[in-house]
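So this block is input17.txt, compact mmCIF, C-alpha atoms:
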```txt
# COMPACT_ATOMS: atom_id res chain seq x y z
CA MET A 1 101.95 116.11 49.64
CA GLY A 2 98.89 115.01 47.70
CA VAL A 3 97.42 118.50 47.58
CA ALA A 4 100.76 120.06 46.65
CA ALA A 5 101.26 117.50 43.90
CA ALA A 6 97.84 118.42 42.51
CA GLN A 7 99.20 121.89 41.69
CA THR A 8 96.97 123.55 44.27
CA SER A 9 97.77 127.15 45.18
CA ALA A 10 99.98 127.89 48.19
CA ALA A 11 96.95 129.14 50.14
CA GLY A 12 95.07 125.96 49.25
CA VAL A 13 97.93 123.77 50.43
CA LEU A 14 98.13 125.62 53.76
CA LEU A 15 94.36 125.58 54.25
CA THR A 16 94.18 121.87 53.49
CA GLY A 17 97.16 121.24 55.76
CA ALA A 18 95.57 123.15 58.64
CA ALA A 19 92.28 121.31 58.18
CA GLY A 20 94.04 117.95 58.00
CA LEU A 21 96.15 118.80 61.04
CA THR A 22 93.08 119.70 63.08
CA ALA A 23 91.05 116.72 61.89
CA GLY A 24 93.94 114.33 62.45
CA ALA A 25 94.61 115.59 65.97
CA MET A 26 90.93 115.34 66.90
CA SER A 27 90.66 111.89 65.35
CA MET A 28 93.72 110.66 67.24
CA ALA A 29 92.35 112.13 70.48
CA ALA A 30 88.93 110.54 69.99
CA GLY A 31 90.39 107.15 69.10
CA GLU A 32 92.79 107.19 72.03
CA TYR A 33 90.05 108.28 74.43
CA VAL A 34 87.71 105.48 73.34
CA SER A 35 90.48 102.88 73.53
CA VAL A 36 91.76 103.91 76.96
CA ARG A 37 88.23 104.45 78.30
CA SER A 38 87.42 100.87 77.29
CA GLN A 39 90.50 99.68 79.20
CA ALA A 40 89.46 101.76 82.22
CA ASP A 41 85.97 100.24 82.09
CA SER A 42 87.50 96.77 81.99
CA ASP A 43 89.74 97.57 84.96
CA GLU A 44 86.80 98.94 86.93
CA GLY A 45 84.82 95.80 86.14
CA GLU A 46 87.65 93.62 87.45
CA MET A 47 87.86 95.70 90.62
CA ALA A 48 84.10 95.42 91.18
CA LEU A 49 84.31 91.64 90.77
CA GLU A 50 87.21 91.53 93.21
CA ARG A 51 85.19 93.49 95.79
CA ARG A 52 82.33 91.01 95.50
CA GLU A 53 84.67 88.03 95.80
CA GLN A 54 86.29 89.47 98.93
CA ALA A 55 82.89 90.19 100.47
CA GLY A 56 81.70 86.69 99.63
CA ASP A 57 84.68 84.55 100.67
CA TYR A 58 87.45 86.38 102.49
CA ASP A 59 89.35 83.19 103.34
CA ALA A 60 89.50 82.08 99.71
CA GLU A 61 90.86 85.49 98.71
CA LEU A 62 93.46 85.29 101.48
CA ALA A 63 94.51 81.85 100.23
CA GLU A 64 94.67 83.17 96.68
CA LEU A 65 96.96 86.03 97.69
CA THR A 66 99.12 83.66 99.73
CA ALA A 67 99.51 81.36 96.72
CA ILE A 68 100.56 84.30 94.53
CA TYR A 69 103.40 85.21 96.89
CA ALA A 70 104.42 81.57 97.30
CA GLN A 71 104.60 81.16 93.50
CA ARG A 72 106.95 84.14 93.41
CA GLY A 73 109.36 82.36 95.70
CA VAL A 74 108.30 83.48 99.18
CA ASP A 75 108.27 80.68 101.78
CA PRO A 76 104.64 79.61 102.33
CA PRO A 77 104.48 80.59 106.03
CA LEU A 78 105.92 84.02 105.24
CA ALA A 79 103.68 84.33 102.19
CA ARG A 80 100.67 83.70 104.45
CA GLN A 81 101.89 86.28 106.93
CA VAL A 82 102.43 88.91 104.23
CA ALA A 83 99.01 88.18 102.71
CA GLU A 84 97.33 88.50 106.13
CA GLN A 85 99.00 91.85 106.82
CA LEU A 86 98.14 93.25 103.41
CA MET A 87 94.56 91.96 103.60
CA ALA A 88 94.22 93.61 107.01
CA THR A 89 95.28 97.03 105.74
CA ASP A 90 94.30 97.21 102.06
CA PRO A 91 92.78 94.00 100.73
CA LEU A 92 91.47 95.50 97.50
CA GLY A 93 94.76 97.28 96.76
CA ALA A 94 96.78 94.13 97.41
CA HIS A 95 94.65 92.04 95.04
CA ALA A 96 94.50 94.79 92.43
CA ARG A 97 98.29 95.04 92.38
CA ASP A 98 99.37 91.44 92.82
CA GLU A 99 96.50 89.46 91.31
CA LEU A 100 95.17 91.78 88.60
CA GLY A 101 98.36 93.72 87.82
CA LEU A 102 96.66 97.08 88.39
CA SER A 103 98.36 99.98 90.14
CA GLU A 104 97.99 103.73 90.39
CA THR A 105 100.88 104.34 88.01
CA ARG A 106 99.39 101.96 85.40
CA ARG A 107 95.79 103.15 85.81
CA ALA A 108 94.07 104.00 82.53
CA ARG A 109 93.61 107.76 82.13
CA PRO A 110 91.46 108.42 79.04
CA ILE A 111 91.55 112.23 79.03
CA GLN A 112 95.29 112.37 79.61
CA ALA A 113 95.84 109.85 76.82
CA ALA A 114 93.58 111.80 74.44
CA VAL A 115 95.35 115.10 75.12
CA ALA A 116 98.78 113.51 74.72
CA SER A 117 97.78 111.85 71.46
CA ALA A 118 96.31 115.06 70.01
CA ALA A 119 99.35 117.06 71.09
CA SER A 120 101.78 114.54 69.60
CA PHE A 121 99.94 114.52 66.30
CA GLY A 122 99.65 118.30 66.30
CA VAL A 123 103.33 118.93 66.97
CA GLY A 124 104.38 116.36 64.39
CA GLY A 125 102.02 117.76 61.77
CA LEU A 126 102.96 121.35 62.47
CA VAL A 127 106.54 120.86 61.25
CA PRO A 128 105.74 120.14 57.58
CA TRP A 129 102.93 122.71 57.65
CA LEU A 130 105.37 125.41 58.80
CA ALA A 131 107.88 124.26 56.20
CA ALA A 132 105.22 124.71 53.51
CA ALA A 133 104.33 128.14 54.86
CA LEU A 134 107.93 129.38 54.77
CA VAL A 135 108.81 128.57 51.16
CA SER A 136 107.55 129.64 47.77
CA ARG A 137 104.91 127.50 46.06
CA PRO A 138 107.22 125.51 43.75
CA GLU A 139 109.33 124.42 46.73
CA VAL A 140 106.42 123.22 48.88
CA PRO A 141 106.59 119.48 48.01
CA LEU A 142 110.33 119.36 48.63
CA ALA A 143 110.04 121.34 51.88
CA VAL A 144 107.24 119.09 53.16
CA ALA A 145 109.11 115.91 52.22
CA ALA A 146 112.44 117.05 53.66
CA SER A 147 111.00 118.32 56.94
CA SER A 148 108.80 115.24 57.38
CA LEU A 149 111.59 112.77 56.65
CA GLY A 150 113.98 114.71 58.88
CA CYS A 151 111.54 114.54 61.78
CA LEU A 152 110.86 110.86 61.15
CA ALA A 153 114.58 110.11 61.15
CA LEU A 154 115.05 112.05 64.39
CA LEU A 155 112.14 110.29 66.08
CA GLY A 156 113.39 106.91 64.86
CA ALA A 157 116.82 107.61 66.31
CA VAL A 158 115.41 108.80 69.65
CA SER A 159 113.07 105.84 70.02
CA ALA A 160 115.83 103.39 69.12
CA ARG A 161 118.18 104.95 71.62
CA LEU A 162 115.58 104.89 74.38
CA GLY A 163 114.70 101.29 73.57
CA GLY A 164 118.30 100.12 73.17
CA ALA A 165 117.76 99.12 69.53
CA PRO A 166 120.17 99.73 66.64
CA ILE A 167 119.72 103.36 65.56
CA PRO A 168 120.54 103.03 61.83
CA ARG A 169 117.97 100.28 61.33
CA ALA A 170 115.24 102.28 63.12
CA VAL A 171 116.03 105.43 61.15
CA LEU A 172 116.02 103.55 57.87
CA ARG A 173 112.74 101.81 58.67
CA VAL A 174 110.76 104.96 59.56
CA THR A 175 112.20 107.07 56.75
CA PHE A 176 111.57 104.34 54.16
CA TRP A 177 107.92 103.91 55.13
CA GLY A 178 107.46 107.65 55.49
CA ALA A 179 108.92 108.26 52.04
CA LEU A 180 106.75 105.51 50.55
CA ALA A 181 103.61 106.98 52.12
CA MET A 182 104.45 110.46 50.83
CA ALA A 183 105.25 109.14 47.36
CA LEU A 184 101.92 107.32 47.15
CA THR A 185 100.06 110.37 48.42
CA ALA A 186 101.80 112.60 45.88
CA ALA A 187 101.01 110.12 43.11
CA VAL A 188 97.30 110.14 44.02
CA GLY A 189 97.26 113.95 44.12
CA SER A 190 98.99 114.16 40.78
CA LEU A 191 96.67 111.63 39.15
CA LEU A 192 93.55 113.35 40.44
CA SER A 193 94.62 116.86 39.54
CA THR A 194 93.03 118.57 36.60
CA SER A 195 94.74 120.78 34.08
CA GLY A 196 94.60 124.42 35.09
CA ALA A 197 94.02 123.64 38.82
CA GLY A 198 95.55 126.23 41.08
```
As structure tokens, the full file:
Amino acid sequence: MGVAAAQTSAAGVLLTGAAGLTAGAMSMAAGEYVSVRSQADSDEGEMALERREQAGDYDAELAELTAIYAQRGVDPPLARQVAEQLMATDPLGAHARDELGLSETRRARPIQAAVASAASFGVGGLVPWLAAALVSRPEVPLAVAASSLGCLALLGAVSARLGGAPIPRAVLRVTFWGALAMALTAAVGSLLSTSGAG
């Protein structure tokens, strides 16, 4: 929107859009990887500490697991029995799941998160880029705005439905903030443009 508002040529808008799309996807992937990798490192640190604690004082770890089950409403004798059976078969797994809240399904996967983030950004950014590519130069700002706001409204509706939230409010919220962001971007592009740019 900013580049289009600066009266840049159609080729310039598309080139800038492609560069921004690539840079944005890579930036999202890198940020997500670093964030999730940090979480994975933290989880691995907790697991290493748990291994040391179990090697150092097995009985204390058994009592800890028993207390966890008792706090969840299991009768203390049964809680002790369950803890003993789990500690006999998979002590680290039992503590990871029930004490630390870690499980295979919730394990941090940095590469998967990075790929998903880059793909999401790329697909979302491709829509307005294609809209700009399919119209004549004077229609580019309108095509970008309409396609972007349409996608935002659709995503707002889908996320609200999946989350059980009111759909109209979610759609209004994302389209309002999307429109505001585009308007500010267009204003900056227009202000920074020079006469005869194209």
Handout entry: Thr16 in chain A environment, 10 Å, only C-alpha atoms, sequence neighbours closer than 6 positions dropped, as a list in words
Key =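 In the requested form, the answer reads Val3, Ala4, Thr8, Ala10, Thr22 and Trp129 of chain A.
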Exercise for the section: Using all atoms listed in the file, find the one residue out of A:Met1, A:Ala114, A:Ala25, A:Pro77 that sits nearest to Ala183 in chain A. Expected result: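 Distance minimum relative to Ala183 in chain A lands on A:Met1.
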Practice task
Name all residues at most 12 Å from range 132-139 of chain A (count only C-alpha atoms; drop same-chain ones fewer than 4 positions away) and give them as a ChimeraX atom specification.
Solution key: /A:1,3-18,125-128,143-148,198
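Going from CA of Asp43 in chain A over to CA of Gly93 in chain A, you cover 12.8 Å.
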Problem - Pick from A:Leu149, A:Gly163, A:Leu191, A:Glu84, whichever lies nearest to Gly178 in chain A using all atoms listed in the file - result: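 Checking each candidate against Gly178 in chain A, we get A:Leu149 as the closest.
The closest residue to Arg169 in chain A, picked from A:Leu184, A:Ile68, A:Ala153, A:Ala94 and counting only C-alpha atoms, is A:Ala153.
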Practice task
Name the closest residue to Gly24 in chain A among the candidates A:Ala60, A:Ala79, A:Leu92, A:Ala119; distances are taken between atoms, counting only C-alpha atoms.
Solution key: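 Among the listed residues, the smallest separation from Gly24 in chain A belongs to A:Ala119.
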Surrounding residues of Ala40 in chain A excluding itself and chain neighbours under 4 positions, 7 Å, only C-alpha atoms, as an mmCIF file with C-alpha atoms, in the frame of the given file:
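Resulting contents of result.cif:
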```cif
data_model
loop_
_atom_site.group_PDB
_atom_site.id
_atom_site.type_symbol
_atom_site.label_atom_id
_atom_site.label_comp_id
_atom_site.auth_asym_id
_atom_site.auth_seq_id
_atom_site.Cartn_x
_atom_site.Cartn_y
_atom_site.Cartn_z
ATOM 1 C CA VAL A 36 91.760 103.910 76.960
ATOM 2 C CA GLU A 44 86.800 98.940 86.930
ATOM 3 C CA ALA A 108 94.070 104.000 82.530
#
```
Practice task
Between A:Pro141, A:Gly122, A:Pro168, A:Gly73, single out the one closest to Met182 in chain A, counting only C-alpha atoms.
Solution key: A:Pro141
Exercise for the section: May I have the residues within 10 Å of Arg161 in chain A as a list in words, using all atoms listed in the file and disregarding those fewer than 6 positions away in the same chain? Expected result: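 The filter keeps Leu155, Ile167 and Ala170 of chain A.
The space separating CA of Met28 in chain A from CA of Ser159 in chain A comes to 20.1 Å.
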Fill in the blank from the handout: Using all atoms listed in the file, the shortest atom-to-atom distance to Ser35 in chain A among A:Ala113, A:Leu78, A:Ala187, A:Leu142 belongs to A:Ala113
Practice task
Just give me the gap between CA of Val34 in chain A and CA of Arg107 in chain A in Å, one decimal is fine.
Solution key: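 A separation of 15.0 Å between them.
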Practice task
Would you list the contacts of Arg37 in chain A as JSON, numbers by chain, taking every protein, DNA or RNA residue within 9 Å and counting all atoms listed in the file, but skipping same-chain residues closer than 3 positions in sequence?
Solution key: {"A": [32, 33, 34, 40, 41, 42, 108, 109, 110, 111]}
Keeping N, CA, C and O atoms, write range 150-165 of chain A of the structure just shown out as a compact mmCIF listing (two decimals), in the first residue's frame.
```txt
# COMPACT_ATOMS: atom_id res chain seq x y z
N GLY A 150 -10.68 -8.43 2.76
CA GLY A 150 -11.52 -9.62 2.58
C GLY A 150 -10.92 -10.84 3.28
O GLY A 150 -11.63 -11.60 3.96
N CYS A 151 -9.61 -11.02 3.10
CA CYS A 151 -8.94 -12.15 3.77
C CYS A 151 -8.95 -11.99 5.28
O CYS A 151 -9.16 -12.97 6.01
N LEU A 152 -8.72 -10.78 5.76
CA LEU A 152 -8.75 -10.54 7.20
C LEU A 152 -10.14 -10.85 7.78
O LEU A 152 -10.25 -11.47 8.84
N ALA A 153 -11.17 -10.42 7.07
CA ALA A 153 -12.53 -10.68 7.54
C ALA A 153 -12.81 -12.18 7.58
O ALA A 153 -13.39 -12.69 8.54
N LEU A 154 -12.37 -12.89 6.54
CA LEU A 154 -12.57 -14.34 6.50
C LEU A 154 -11.82 -15.03 7.64
O LEU A 154 -12.38 -15.89 8.33
N LEU A 155 -10.56 -14.65 7.85
CA LEU A 155 -9.79 -15.25 8.93
C LEU A 155 -10.37 -14.92 10.29
O LEU A 155 -10.38 -15.76 11.20
N GLY A 156 -10.87 -13.69 10.45
CA GLY A 156 -11.51 -13.32 11.71
C GLY A 156 -12.74 -14.16 11.98
O GLY A 156 -12.97 -14.61 13.11
N ALA A 157 -13.53 -14.40 10.93
CA ALA A 157 -14.74 -15.21 11.08
C ALA A 157 -14.39 -16.66 11.42
O ALA A 157 -15.01 -17.27 12.30
N VAL A 158 -13.39 -17.20 10.73
CA VAL A 158 -12.99 -18.60 10.97
C VAL A 158 -12.45 -18.77 12.38
O VAL A 158 -12.83 -19.71 13.10
N SER A 159 -11.57 -17.85 12.80
CA SER A 159 -11.00 -17.98 14.15
C SER A 159 -12.06 -17.81 15.22
O SER A 159 -12.04 -18.50 16.25
N ALA A 160 -13.02 -16.91 15.00
CA ALA A 160 -14.09 -16.74 15.98
C ALA A 160 -14.97 -17.98 16.06
O ALA A 160 -15.34 -18.41 17.15
N ARG A 161 -15.25 -18.55 14.92
CA ARG A 161 -16.08 -19.76 14.91
C ARG A 161 -15.38 -20.91 15.61
O ARG A 161 -15.98 -21.64 16.40
N LEU A 162 -14.09 -21.08 15.32
CA LEU A 162 -13.34 -22.16 15.96
C LEU A 162 -13.21 -21.95 17.46
O LEU A 162 -13.20 -22.91 18.23
N GLY A 163 -13.11 -20.68 17.86
CA GLY A 163 -12.96 -20.38 19.29
C GLY A 163 -14.26 -20.17 20.02
O GLY A 163 -14.27 -19.95 21.23
N GLY A 164 -15.39 -20.21 19.30
CA GLY A 164 -16.69 -20.02 19.94
C GLY A 164 -16.97 -18.58 20.31
O GLY A 164 -17.83 -18.32 21.17
N ALA A 165 -16.29 -17.63 19.69
CA ALA A 165 -16.50 -16.21 19.99
C ALA A 165 -17.50 -15.62 19.00
O ALA A 165 -17.76 -16.21 17.95
```
